[in-house]
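**Student:** Supplied structure: protein-v2.cif, mmCIF, C-alpha atoms.
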data_input
#
loop_
_atom_site.label_atom_id
_atom_site.label_comp_id
_atom_site.auth_asym_id
_atom_site.auth_seq_id
_atom_site.Cartn_x
_atom_site.Cartn_y
_atom_site.Cartn_z
CA MET E 1 -7.68 -23.59 -30.94
CA ALA E 2 -8.76 -22.69 -27.44
CA ARG E 3 -8.67 -19.01 -26.62
CA LYS E 4 -6.05 -17.98 -24.06
CA ARG E 5 -7.70 -17.44 -20.72
CA THR E 6 -7.24 -14.22 -18.81
CA GLU E 7 -5.17 -14.60 -15.68
CA ARG E 8 -7.03 -14.20 -12.43
CA THR E 9 -5.85 -14.36 -8.86
CA GLY E 10 -6.20 -17.73 -7.19
CA ARG E 11 -6.86 -18.60 -3.58
CA ALA E 12 -3.26 -19.32 -2.84
CA GLY E 13 -1.72 -16.28 -4.48
CA ARG E 14 -0.93 -18.06 -7.72
CA SER E 15 -2.62 -17.56 -11.06
CA GLU E 16 -5.63 -19.59 -12.03
CA LYS E 17 -7.68 -19.83 -15.17
CA ASP E 18 -11.37 -19.10 -14.66
CA GLY E 19 -11.26 -20.33 -11.09
CA SER E 20 -9.77 -23.75 -11.82
CA GLY E 21 -6.98 -24.95 -9.60
CA ALA E 22 -8.34 -23.12 -6.59
CA GLY E 23 -6.72 -25.48 -4.10
CA SER E 24 -3.57 -24.74 -2.21
CA VAL E 25 -0.28 -24.81 -4.08
CA ARG E 26 1.43 -26.26 -1.03
CA GLU E 27 -0.87 -29.06 0.14
CA ASP E 28 1.93 -30.67 2.16
CA ARG E 29 2.29 -27.58 4.32
CA GLY E 30 -1.26 -26.29 4.39
CA PRO E 31 -2.68 -23.31 2.49
CA VAL E 32 -0.32 -20.50 1.59
CA ARG E 33 -0.57 -17.76 4.18
CA TYR E 34 -2.05 -14.87 2.27
CA GLY E 35 -3.23 -12.42 4.90
CA PRO E 36 -1.70 -9.00 5.45
CA PRO E 37 1.80 -8.97 6.92
CA ALA E 38 2.41 -7.57 10.36
CA PRO E 39 2.82 -3.78 10.33
CA ASP E 40 6.34 -2.42 10.34
CA PRO E 41 7.51 -0.77 13.57
CA VAL E 42 7.10 2.99 13.50
CA LEU E 43 8.40 5.89 15.54
CA PRO E 44 6.96 6.61 18.99
CA VAL E 45 3.65 8.44 19.18
CA LEU E 46 3.95 12.19 18.78
CA PRO E 47 3.27 13.65 22.28
CA GLU E 48 0.92 16.29 20.90
CA LEU E 49 -1.30 13.63 19.30
CA ALA E 50 -1.27 11.59 22.51
CA GLU E 51 -2.47 14.65 24.41
CA VAL E 52 -5.35 15.19 21.98
CA LEU E 53 -6.33 11.54 22.26
CA ALA E 54 -6.17 11.61 26.06
CA ALA E 55 -8.26 14.79 26.19
CA ALA E 56 -10.99 13.06 24.17
CA ALA E 57 -10.86 9.81 26.15
CA GLY E 58 -13.92 10.81 28.19
CA ARG E 59 -16.05 11.32 25.11
CA SER E 60 -19.13 9.07 25.32
CA GLU E 61 -20.98 9.77 22.07
CA PRO E 62 -20.05 7.49 19.16
CA GLU E 63 -18.57 8.79 15.93
CA PRO E 64 -21.18 8.56 13.14
CA THR E 65 -20.70 6.19 10.24
CA GLY E 66 -18.29 7.74 7.77
CA GLY E 67 -16.80 10.09 10.35
CA GLY E 68 -18.00 13.14 12.22
CA GLU E 69 -17.98 16.68 10.91
CA ALA E 70 -14.64 17.63 12.47
CA LEU E 71 -12.83 14.67 10.93
CA ARG E 72 -14.38 15.16 7.50
CA GLU E 73 -13.64 18.89 7.49
CA ALA E 74 -10.03 18.23 8.44
CA ALA E 75 -9.73 15.66 5.64
CA THR E 76 -11.22 18.14 3.17
CA ALA E 77 -8.66 20.77 4.18
CA TYR E 78 -5.86 18.20 3.95
CA TRP E 79 -6.71 17.47 0.32
CA GLU E 80 -7.33 21.14 -0.46
CA ARG E 81 -3.70 21.84 0.44
CA ARG E 82 -2.74 19.21 -2.14
CA GLY E 83 -4.82 20.75 -4.92
CA LEU E 84 -7.84 18.43 -4.59
CA HIS E 85 -10.86 20.58 -3.88
CA GLY E 86 -14.08 19.24 -2.43
CA SER E 87 -16.44 19.36 0.53
CA PRO E 88 -16.93 17.36 3.74
CA GLU E 89 -20.03 15.76 2.20
CA ASN E 90 -17.72 13.91 -0.20
CA ILE E 91 -15.59 12.37 2.56
CA ALA E 92 -15.97 9.01 4.31
CA ALA E 93 -13.83 7.72 7.17
CA ALA E 94 -13.40 4.23 8.56
CA PRO E 95 -11.28 2.48 11.20
CA GLY E 96 -8.46 1.62 8.81
CA ALA E 97 -7.95 1.18 5.09
CA SER E 98 -9.14 -2.44 4.98
CA PRO E 99 -12.82 -1.87 5.91
CA LEU E 100 -12.88 1.31 3.86
CA LEU E 101 -11.60 -0.37 0.71
CA LEU E 102 -13.89 -3.34 1.30
CA ALA E 103 -16.86 -0.96 1.39
CA LEU E 104 -15.65 0.84 -1.73
CA ILE E 105 -15.33 -2.38 -3.72
CA ALA E 106 -18.80 -3.40 -2.59
CA ALA E 107 -20.21 -0.03 -3.63
CA HIS E 108 -18.89 -0.18 -7.18
CA GLY E 109 -19.74 -3.74 -8.23
CA GLY E 110 -18.21 -5.64 -11.11
CA ASP E 111 -14.77 -7.17 -11.53
CA VAL E 112 -11.68 -5.61 -10.00
CA LEU E 113 -8.37 -4.92 -11.75
CA MET E 114 -5.15 -4.19 -9.89
CA PRO E 115 -1.42 -4.03 -10.60
CA ARG E 116 0.96 -6.88 -9.88
CA PRO E 117 2.34 -6.68 -7.22
CA CYS E 118 -0.19 -4.86 -5.06
CA PRO E 119 -0.86 -4.15 -1.36
CA ALA E 120 -1.40 -7.34 0.61
CA THR E 121 -5.01 -6.63 1.58
CA TRP E 122 -6.43 -5.99 -1.88
CA ILE E 123 -6.80 -9.54 -3.14
CA PRO E 124 -8.38 -10.93 0.06
CA GLN E 125 -10.92 -8.11 0.08
CA ALA E 126 -12.03 -8.78 -3.48
CA ARG E 127 -12.17 -12.48 -2.68
CA LEU E 128 -14.24 -11.87 0.46
CA LEU E 129 -16.84 -10.11 -1.67
CA GLY E 130 -16.78 -12.85 -4.30
CA ARG E 131 -15.47 -10.45 -6.93
CA PRO E 132 -13.18 -11.71 -9.69
CA ALA E 133 -9.84 -9.91 -9.40
CA TYR E 134 -7.39 -9.62 -12.29
CA HIS E 135 -3.76 -8.59 -12.14
CA VAL E 136 -2.20 -6.30 -14.72
CA PRO E 137 1.59 -6.11 -15.20
CA THR E 138 3.41 -2.93 -14.24
CA PRO E 139 6.19 -1.31 -16.28
CA ALA E 140 9.84 -1.86 -15.45
CA GLU E 141 10.43 1.53 -13.84
CA CYS E 142 7.85 1.33 -11.05
CA GLY E 143 5.03 -0.55 -9.38
CA GLY E 144 1.56 0.51 -8.32
CA VAL E 145 0.23 1.58 -11.72
CA PRO E 146 -0.43 -0.87 -14.57
CA ASP E 147 1.14 -0.64 -17.98
CA PRO E 148 -1.51 1.14 -20.09
CA TYR E 149 -1.34 -1.29 -23.01
CA ALA E 150 -1.46 -4.30 -20.72
CA LEU E 151 -4.47 -2.72 -19.00
CA LEU E 152 -6.36 -2.34 -22.27
CA GLU E 153 -5.53 -5.90 -23.26
CA THR E 154 -6.68 -7.24 -19.90
CA VAL E 155 -9.97 -5.36 -20.12
CA ARG E 156 -10.53 -6.71 -23.62
CA ARG E 157 -9.88 -10.29 -22.58
CA VAL E 158 -12.00 -10.09 -19.45
CA ARG E 159 -14.95 -8.81 -21.45
CA ALA E 160 -14.40 -11.44 -24.14
CA GLU E 161 -14.73 -14.08 -21.44
CA GLY E 162 -17.96 -12.57 -20.11
CA GLY E 163 -16.47 -10.54 -17.27
CA ARG E 164 -17.51 -7.06 -16.17
CA PRO E 165 -14.42 -4.97 -15.36
CA ARG E 166 -15.63 -1.96 -13.37
CA LEU E 167 -12.94 -0.94 -10.90
CA LEU E 168 -9.19 -0.28 -11.12
CA LEU E 169 -7.15 -0.08 -7.91
CA ILE E 170 -3.83 1.74 -8.15
CA CYS E 171 -1.16 2.94 -5.76
CA VAL E 172 0.77 5.89 -7.20
CA VAL E 173 3.17 5.86 -4.25
CA ASP E 174 3.39 2.12 -4.14
CA ASP E 175 3.19 -0.49 -1.47
CA PRO E 176 4.99 -2.89 -1.77
CA THR E 177 7.65 -1.61 -4.21
CA ALA E 178 8.20 1.81 -2.52
CA THR E 179 8.35 3.45 -5.95
CA VAL E 180 6.55 6.53 -7.30
CA ALA E 181 4.87 6.27 -10.69
CA PRO E 182 5.98 9.01 -13.10
CA PRO E 183 3.24 11.48 -14.08
CA GLU E 184 3.21 10.44 -17.74
CA LEU E 185 2.51 6.83 -16.80
CA VAL E 186 -0.24 7.85 -14.37
CA ARG E 187 -1.85 9.96 -17.07
CA GLU E 188 -1.73 7.25 -19.74
CA ALA E 189 -3.02 4.52 -17.42
CA CYS E 190 -5.85 6.67 -16.09
CA GLU E 191 -6.90 7.82 -19.54
CA ALA E 192 -6.99 4.20 -20.68
CA ALA E 193 -9.04 3.16 -17.65
CA VAL E 194 -11.56 5.98 -17.97
CA ALA E 195 -11.93 5.36 -21.71
CA GLU E 196 -12.91 1.77 -20.88
CA GLY E 197 -15.49 2.88 -18.32
CA LEU E 198 -13.48 1.91 -15.23
CA HIS E 199 -13.67 3.85 -12.00
CA ILE E 200 -10.30 4.36 -10.31
CA VAL E 201 -9.55 4.02 -6.61
CA SER E 202 -6.21 5.69 -5.93
CA ASP E 203 -4.56 4.59 -2.69
CA GLU E 204 -2.37 7.53 -1.66
CA THR E 205 -1.47 6.34 1.82
CA TRP E 206 2.25 6.89 1.31
CA ARG E 207 2.17 10.20 -0.55
CA ASP E 208 3.53 12.13 2.47
CA THR E 209 6.50 9.79 2.93
CA LEU E 210 8.48 10.74 -0.19
CA HIS E 211 12.18 10.38 0.55
CA ARG E 212 13.09 13.30 -1.71
CA PRO E 213 9.94 15.42 -1.95
CA HIS E 214 11.65 18.25 -3.83
CA ASP E 215 13.02 15.92 -6.50
CA THR E 216 10.00 13.64 -6.97
CA VAL E 217 7.01 14.71 -9.06
CA LEU E 218 3.81 13.19 -7.69
CA LEU E 219 0.57 13.35 -9.69
CA SER E 220 -2.66 12.21 -8.11
CA PRO E 221 -5.06 10.61 -10.61
CA ALA E 222 -7.77 12.81 -9.11
CA GLU E 223 -5.97 15.88 -10.46
CA MET E 224 -6.44 14.75 -14.06
CA CYS E 225 -9.66 12.71 -13.82
CA PRO E 226 -11.60 14.45 -11.04
CA ASP E 227 -14.94 12.80 -11.87
CA ASP E 228 -13.58 9.26 -12.13
CA VAL E 229 -11.25 8.85 -9.16
CA THR E 230 -11.85 8.11 -5.49
CA VAL E 231 -8.81 8.79 -3.33
CA VAL E 232 -8.04 6.72 -0.24
CA CYS E 233 -5.53 7.52 2.48
CA ASP E 234 -4.64 5.40 5.51
CA LEU E 235 -3.32 7.90 8.03
CA ALA E 236 -0.97 5.26 9.46
CA GLY E 237 1.22 5.84 6.42
CA ALA E 238 2.57 9.12 7.77
CA LEU E 239 0.28 10.95 10.18
CA THR E 240 -0.94 8.66 12.97
CA PRO E 241 0.21 5.50 14.77
CA SER E 242 -0.92 2.21 13.23
CA ALA E 243 -2.43 1.33 16.61
CA TRP E 244 -5.02 4.09 16.03
CA PRO E 245 -6.76 2.81 12.89
CA VAL E 246 -8.31 5.48 10.71
CA ALA E 247 -8.50 6.01 6.95
CA VAL E 248 -10.35 8.53 4.81
CA ALA E 249 -11.74 8.50 1.28
CA ARG E 250 -12.42 11.47 -0.98
CA PHE E 251 -15.22 10.94 -3.51
CA PRO E 252 -15.75 12.90 -6.74
CA ASP E 253 -18.35 15.65 -6.66
CA THR E 254 -20.82 13.96 -9.03
CA GLU E 255 -24.27 12.42 -8.74
CA ARG E 256 -22.94 8.96 -9.51
CA ALA E 257 -20.27 9.33 -6.82
CA ALA E 258 -22.92 10.46 -4.34
CA VAL E 259 -24.73 7.15 -4.88
CA ARG E 260 -21.50 5.22 -4.34
CA HIS E 261 -20.74 7.29 -1.27
CA ALA E 262 -24.12 6.33 0.18
CA ARG E 263 -23.52 2.66 -0.65
CA THR E 264 -20.11 2.85 1.01
CA LEU E 265 -21.69 4.22 4.17
CA ASP E 266 -24.27 1.42 4.08
CA SER E 267 -21.47 -1.15 3.95
CA LEU E 268 -19.55 0.54 6.76
CA THR E 269 -22.73 0.51 8.83
CA ALA E 270 -23.23 -3.19 8.17
CA LEU E 271 -19.63 -3.84 9.18
CA GLY E 272 -19.94 -1.74 12.32
CA ALA E 273 -16.89 0.12 11.02
CA HIS E 274 -16.96 3.28 13.13
CA VAL E 275 -13.86 5.31 13.93
CA ALA E 276 -13.37 5.47 17.69
CA GLY E 277 -14.24 8.94 18.99
CA PRO E 278 -10.90 9.76 20.63
CA VAL E 279 -9.04 8.43 17.58
CA ALA E 280 -11.19 10.62 15.33
CA MET E 281 -10.20 13.70 17.31
CA ALA E 282 -6.50 12.84 17.12
CA ALA E 283 -6.80 12.06 13.40
CA ALA E 284 -8.53 15.38 12.73
CA HIS E 285 -5.72 17.16 14.55
CA ALA E 286 -3.10 15.35 12.47
CA LEU E 287 -4.95 16.10 9.22
CA ARG E 288 -4.90 19.82 10.05
CA GLU E 289 -1.09 19.46 9.95
CA PRO E 290 0.15 21.70 12.74
CA ASP E 291 3.86 22.42 12.77
CA SER E 292 4.66 19.54 15.12
CA VAL E 293 2.99 17.02 12.79
CA THR E 294 4.58 18.32 9.60
CA ASP E 295 7.99 18.42 11.31
CA ARG E 296 7.63 14.78 12.41
CA VAL E 297 6.53 13.72 8.91
CA ARG E 298 9.46 15.53 7.32
CA ARG E 299 12.04 14.17 9.76
CA SER E 300 10.67 10.65 9.50
CA ALA E 301 10.78 10.67 5.70
CA ALA E 302 14.35 12.00 5.70
CA LEU E 303 15.42 9.31 8.17
CA GLN E 304 13.76 6.55 6.16
CA ALA E 305 15.46 7.86 3.02
CA GLN E 306 18.90 7.26 4.55
CA VAL E 307 18.11 3.90 6.09
CA ALA E 308 16.27 2.59 3.02
CA ALA E 309 19.13 3.67 0.75
CA ALA E 310 21.58 1.75 2.94
CA ALA E 311 19.34 -1.33 2.89
CA HIS E 312 19.04 -1.02 -0.89
CA ARG E 313 22.82 -0.94 -1.24
CA ALA E 314 23.04 -4.13 0.83
CA VAL E 315 20.48 -5.86 -1.37
CA LEU E 316 22.37 -4.96 -4.56
CA ALA E 317 25.71 -5.94 -3.02
CA SER E 318 24.35 -9.44 -2.41
CA GLY E 319 23.53 -9.84 -6.09
CA ALA E 320 19.78 -9.48 -5.61
CA LEU E 321 17.68 -6.88 -7.41
CA ALA E 322 15.46 -4.05 -6.16
CA ARG E 323 14.18 -0.77 -7.48
CA PRO E 324 15.55 2.21 -5.51
CA PRO E 325 13.03 2.99 -2.75
CA GLN E 326 11.47 6.42 -3.14
CA ALA E 327 8.93 6.46 -0.29
CA GLY E 328 7.61 4.55 2.68
CA ARG E 329 9.34 2.23 5.14
CA HIS E 330 10.24 -0.75 2.99
CA LEU E 331 11.74 -1.98 -0.27
CA TYR E 332 10.85 -4.86 -2.56
CA ALA E 333 13.68 -7.22 -3.38
CA ASP E 334 13.94 -9.90 -6.05
CA LEU E 335 16.27 -12.69 -4.95
CA GLY E 336 15.86 -14.60 -8.19
CA PRO E 337 19.56 -14.19 -9.08
CA LEU E 338 20.36 -16.04 -5.82
CA ARG E 339 18.04 -18.95 -6.54
CA SER E 340 20.72 -21.67 -6.58
CA ARG E 341 22.17 -20.63 -3.22
CA LEU E 342 18.68 -20.38 -1.74
CA ALA E 343 17.78 -23.82 -3.10
CA SER E 344 20.76 -25.28 -1.23
CA ARG E 345 19.13 -23.91 1.93
CA GLY E 346 15.74 -25.42 1.13
CA VAL E 347 14.24 -22.21 -0.24
CA ALA E 348 12.39 -22.67 -3.53
CA ASP E 349 9.52 -20.19 -3.40
CA SER E 350 8.47 -16.94 -1.75
CA LEU E 351 6.75 -18.69 1.16
CA GLU E 352 9.97 -20.46 2.09
CA LEU E 353 11.90 -17.25 1.44
CA GLU E 354 9.62 -15.41 3.86
CA GLU E 355 10.23 -18.01 6.55
CA TYR E 356 13.97 -18.07 5.93
CA LEU E 357 14.54 -14.31 5.99
CA THR E 358 12.14 -13.69 8.87
CA GLU E 359 14.19 -16.10 10.97
CA ARG E 360 17.53 -14.70 9.80
CA LEU E 361 16.57 -11.04 10.21
CA GLY E 362 14.48 -11.44 13.34
CA ALA E 363 11.80 -9.28 11.72
CA PRO E 364 8.85 -9.89 9.38
CA ALA E 365 9.89 -10.32 5.74
CA PRO E 366 6.61 -11.02 3.87
CA GLY E 367 7.04 -12.92 0.63
CA GLY E 368 5.83 -11.73 -2.75
CA HIS E 369 2.93 -14.24 -2.74
CA ARG E 370 1.22 -11.92 -0.24
CA PHE E 371 1.30 -9.12 -2.80
CA GLY E 372 -0.01 -11.04 -5.79
CA ASP E 373 3.31 -12.20 -7.22
CA GLU E 374 3.74 -15.79 -8.31
CA LEU E 375 4.66 -18.16 -5.51
CA GLY E 376 7.69 -19.35 -7.46
CA ALA E 377 9.11 -15.84 -7.77
CA LEU E 378 11.68 -15.19 -5.04
CA ARG E 379 10.47 -11.72 -4.09
CA VAL E 380 10.13 -10.27 -0.63
CA ARG E 381 9.22 -6.97 1.00
CA LEU E 382 11.88 -5.87 3.46
CA GLY E 383 10.80 -3.36 6.08
CA THR E 384 13.23 -0.66 7.21
CA GLY E 385 11.42 0.37 10.38
CA THR E 386 13.17 -2.31 12.42
CA LEU E 387 16.53 -0.79 11.52
CA LEU E 388 15.80 2.34 13.58
CA GLY E 389 16.01 0.65 16.97
CA SER E 390 14.07 -1.73 19.17
CA THR E 391 13.06 0.75 21.87
CA PRO E 392 11.34 4.16 21.78
CA GLU E 393 14.54 5.72 23.08
CA GLN E 394 16.62 4.29 20.25
CA GLN E 395 14.03 5.25 17.67
CA MET E 396 13.91 8.84 18.88
CA GLU E 397 17.71 8.95 18.89
CA SER E 398 17.64 7.81 15.27
CA LEU E 399 15.10 10.51 14.42
CA THR E 400 17.12 13.35 15.92
CA ALA E 401 20.65 12.23 15.00
CA VAL E 402 22.65 14.21 12.46
CA ALA E 403 24.18 10.96 11.15
CA PRO E 404 21.71 8.20 12.06
CA LEU E 405 23.58 5.49 10.13
CA GLU E 406 26.53 5.95 12.48
CA LEU E 407 24.52 5.22 15.62
CA PRO E 408 25.59 1.89 17.15
CA HIS E 409 22.11 0.34 17.14
CA VAL E 410 21.43 1.39 13.53
CA ALA E 411 24.85 0.26 12.34
CA GLN E 412 24.39 -3.10 14.05
CA ALA E 413 20.93 -3.58 12.56
CA LEU E 414 22.25 -2.78 9.08
CA SER E 415 25.13 -5.17 9.63
CA ILE E 416 22.76 -8.02 10.51
CA PHE E 417 20.63 -7.12 7.50
CA GLY E 418 23.61 -7.17 5.15
CA GLU E 419 25.05 -10.40 6.58
CA ALA E 420 21.77 -12.23 6.07
CA LEU E 421 21.96 -11.39 2.37
CA ASP E 422 25.73 -11.71 1.95
CA GLU E 423 25.68 -15.36 2.96
CA LEU E 424 23.63 -16.05 -0.16
CA ARG E 425 26.25 -14.71 -2.56
#
The structure in this file should be written as structure tokens.
**Tutor:**
Amino acid sequence: MARKRTERTGRAGRSEKDGSGAGSVREDRGPVRYGPPAPDPVLPVLPELAEVLAAAAGRSEPEPTGGGEALREAATAYWERRGLHGSPENIAAAPGASPLLLALIAAHGGDVLMPRPCPATWIPQARLLGRPAYHVPTPAECGGVPDPYALLETVRRVRAEGGRPRLLLICVVDDPTATVAPPELVREACEAAVAEGLHIVSDETWRDTLHRPHDTVLLSPAEMCPDDVTVVCDLAGALTPSAWPVAVARFPDTERAAVRHARTLDSLTALGAHVAGPVAMAAAHALREPDSVTDRVRRSAALQAQVAAAAHRAVLASGALARPPQAGRHLYADLGPLRSRLASRGVADSLELEEYLTERLGAPAPGGHRFGDELGALRVRLGTGTLLGSTPEQQMESLTAVAPLELPHVAQALSIFGEALDELR
């Protein structure tokens, strides 16, 4: 009897067995669009950060590969305040999370494991490097971190088929599901990964966007496995505008990590991935977390908590499913229970669902195929940033309102959101 093949990501976001079936699932409509979705709208730029950026606009010297001293020192202090001690020599910065993660994958070698679903950029980056990428199921309560037993089984099967699993990507505060992995799950998954010789890259981009920070326990894998975890943070998650791309990585303080740090810098150099000088200055200021920055982060998270909760209620009222969002600016909905009604509207997979809801909502609604889910699963990530208003004035009004859900523009946006789902009941 033939041995069951380990599931690996295919070109079109479906599963394939050992690379077979690499063609598009939807030949009649061209290849499945699998790139990263458009970023969700965010609040207007904090004036203080704009002033720092403008003051550095005349800077002529380039930022060195991996970030200058000021940026790396600020990142070190940022993680120190979160209990992760280190030094600027263990920090690398890049113009966004995508080139940084690409360089990290290149530096570690071997096959890549990641949870299903996962951030939209992870699979294309592994594919770009020619690295086999394997999905591992997540438990029912959250996304972002694989089920420990499923992880061990996947590692065993990959090795039995001649693979070399070396790297595990996780997202404790998850994109796309907007959930936070409980500490006991993080511990079990990380212990399993380290026992199998895997290095862990922990994407903690959304850790500062917890909707209820006093009620949610967040454990960074680097707290329990300091020698085996590299932490990545895209500042666009909470601290800086997405139009100013900058991300930072914190490496373990070990000789092996120093080699990988050097390899990462080599890759960033080859990519020409330098943080723009003025952006580096603004990012360093944000990472130092002055009162204005921390106040904006706190207010933004509290606002998103209310809006996301309202959007979640609308999803459940339609008969669809979604885990309660705990962080970020989105939620991940499963419209499988509405399959028959969707089929009557010509929607049979997540690509068609993406097109349908994007048109109905007037805002991007990336389908689950972008995040590693099966094309046939009717899952979609619904952003909540568009519910705050379409102009900077409306967005700031939402941020400062005592009851933002009662504002006319927010109430109208939520009404359109709910109606688009209600018609599928």
**Student:** Mind giving me the straight-line distance from atom CA of E:Asp234 to atom CA of E:Thr177 in Å, one decimal?
**Tutor:** 17.2 Å
**Student:** What does the PyMOL selection byres ((chain E and resi 237) around 6) select in this file, as a VMD selection string?
**Tutor:** chain E and resid 205 to 206 234 to 236 238
**Student:** Care to translate the PyMOL selection byres ((chain E and resi 51-60) around 7) into actual residues of this file, as a ChimeraX atom specification?
**Tutor:** /E:47-50,61-62,277-279,281-282
**Student:** Any idea what the distance is between atom CA of E:Leu342 and atom CA of E:Asp174?
**Tutor:**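 The value is 27.3 Å.
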**Student:** Identify all residues satisfying the PyMOL selection byres ((chain E and resi 397) around 12) in the given file; provide them as a CSV table (one decimal) with C-alpha atoms, in the coordinates of the input.
**Tutor:**
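Dumped everything to out.csv:
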chain,number,residue,atom,x,y,z
E,43,LEU,CA,8.4,5.9,15.5
E,44,PRO,CA,7.0,6.6,19.0
E,299,ARG,CA,12.0,14.2,9.8
E,300,SER,CA,10.7,10.6,9.5
E,303,LEU,CA,15.4,9.3,8.2
E,388,LEU,CA,15.8,2.3,13.6
E,389,GLY,CA,16.0,0.6,17.0
E,390,SER,CA,14.1,-1.7,19.2
E,391,THR,CA,13.1,0.8,21.9
E,392,PRO,CA,11.3,4.2,21.8
E,393,GLU,CA,14.5,5.7,23.1
E,394,GLN,CA,16.6,4.3,20.2
E,395,GLN,CA,14.0,5.2,17.7
E,396,MET,CA,13.9,8.8,18.9
E,398,SER,CA,17.6,7.8,15.3
E,399,LEU,CA,15.1,10.5,14.4
E,400,THR,CA,17.1,13.4,15.9
E,401,ALA,CA,20.6,12.2,15.0
E,402,VAL,CA,22.6,14.2,12.5
E,403,ALA,CA,24.2,11.0,11.2
E,404,PRO,CA,21.7,8.2,12.1
E,405,LEU,CA,23.6,5.5,10.1
E,406,GLU,CA,26.5,6.0,12.5
E,407,LEU,CA,24.5,5.2,15.6
E,408,PRO,CA,25.6,1.9,17.2
E,409,HIS,CA,22.1,0.3,17.1
E,410,VAL,CA,21.4,1.4,13.5
**Student:** I need the residue nearest E:His330 from this list: E:His369, E:Arg345, E:His211, E:Arg156. Use all atoms listed in the file for the distance.
**Tutor:**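 Checking each of E:His369, E:Arg345, E:His211, E:Arg156 against E:His330, counting all atoms listed in the file, the winner is E:His211.
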**Student:** Expressed in Å to a single decimal, how great is the separation between atom CA of E:Leu421 and atom CA of E:Ser242?
**Tutor:**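 Taking atom CA of E:Leu421 and atom CA of E:Ser242, their separation equals 28.7 Å.
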**Student:** Pick out the closest residue to E:Gly109 from this set: E:Glu359, E:Val231, E:Ala192, E:Arg260. Count all atoms listed in the file.
**Tutor:**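 Comparing E:Glu359, E:Val231, E:Ala192, E:Arg260 against E:Gly109, the winner is E:Arg260.
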**Student:** Set the distance at 8 Å and use all atoms listed in the file: which residues neighbour E:Glu223 once local chain neighbours fewer than 4 positions away are removed? I'd like the list as a ChimeraX atom specification.
**Tutor:** /E:83-84,219
**Student:** Which residues are near E:His261? Cut-off 10 Å, only C-alpha atoms, ignore same chain within fewer than 6 positions. Put them as number ranges by chain.
**Tutor:** E: 66, 89-92, 103-104, 107-108, 230, 249-252, 255, 267
**Student:** With all atoms listed in the file as the basis for distance, which of E:Arg263, E:Pro324, E:Ala193, E:Leu271 is at the shortest distance from E:Leu152?
**Tutor:** E:Ala193
**Student:** Please determine, counting only C-alpha atoms, which residue among E:Leu239, E:Thr264, E:Asp422, E:Arg370 has the shortest atom-to-atom distance to E:Pro124.
**Tutor:**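 Ranking E:Leu239, E:Thr264, E:Asp422, E:Arg370 by distance to E:Pro124, first place goes to E:Arg370.
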**Student:** Find the residue from E:Thr294, E:Thr386, E:Gln412, E:Thr254 that sits nearest to E:Thr209; use only C-alpha atoms when measuring.
**Tutor:**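 Ranking E:Thr294, E:Thr386, E:Gln412, E:Thr254 by distance to E:Thr209, first place goes to E:Thr294.
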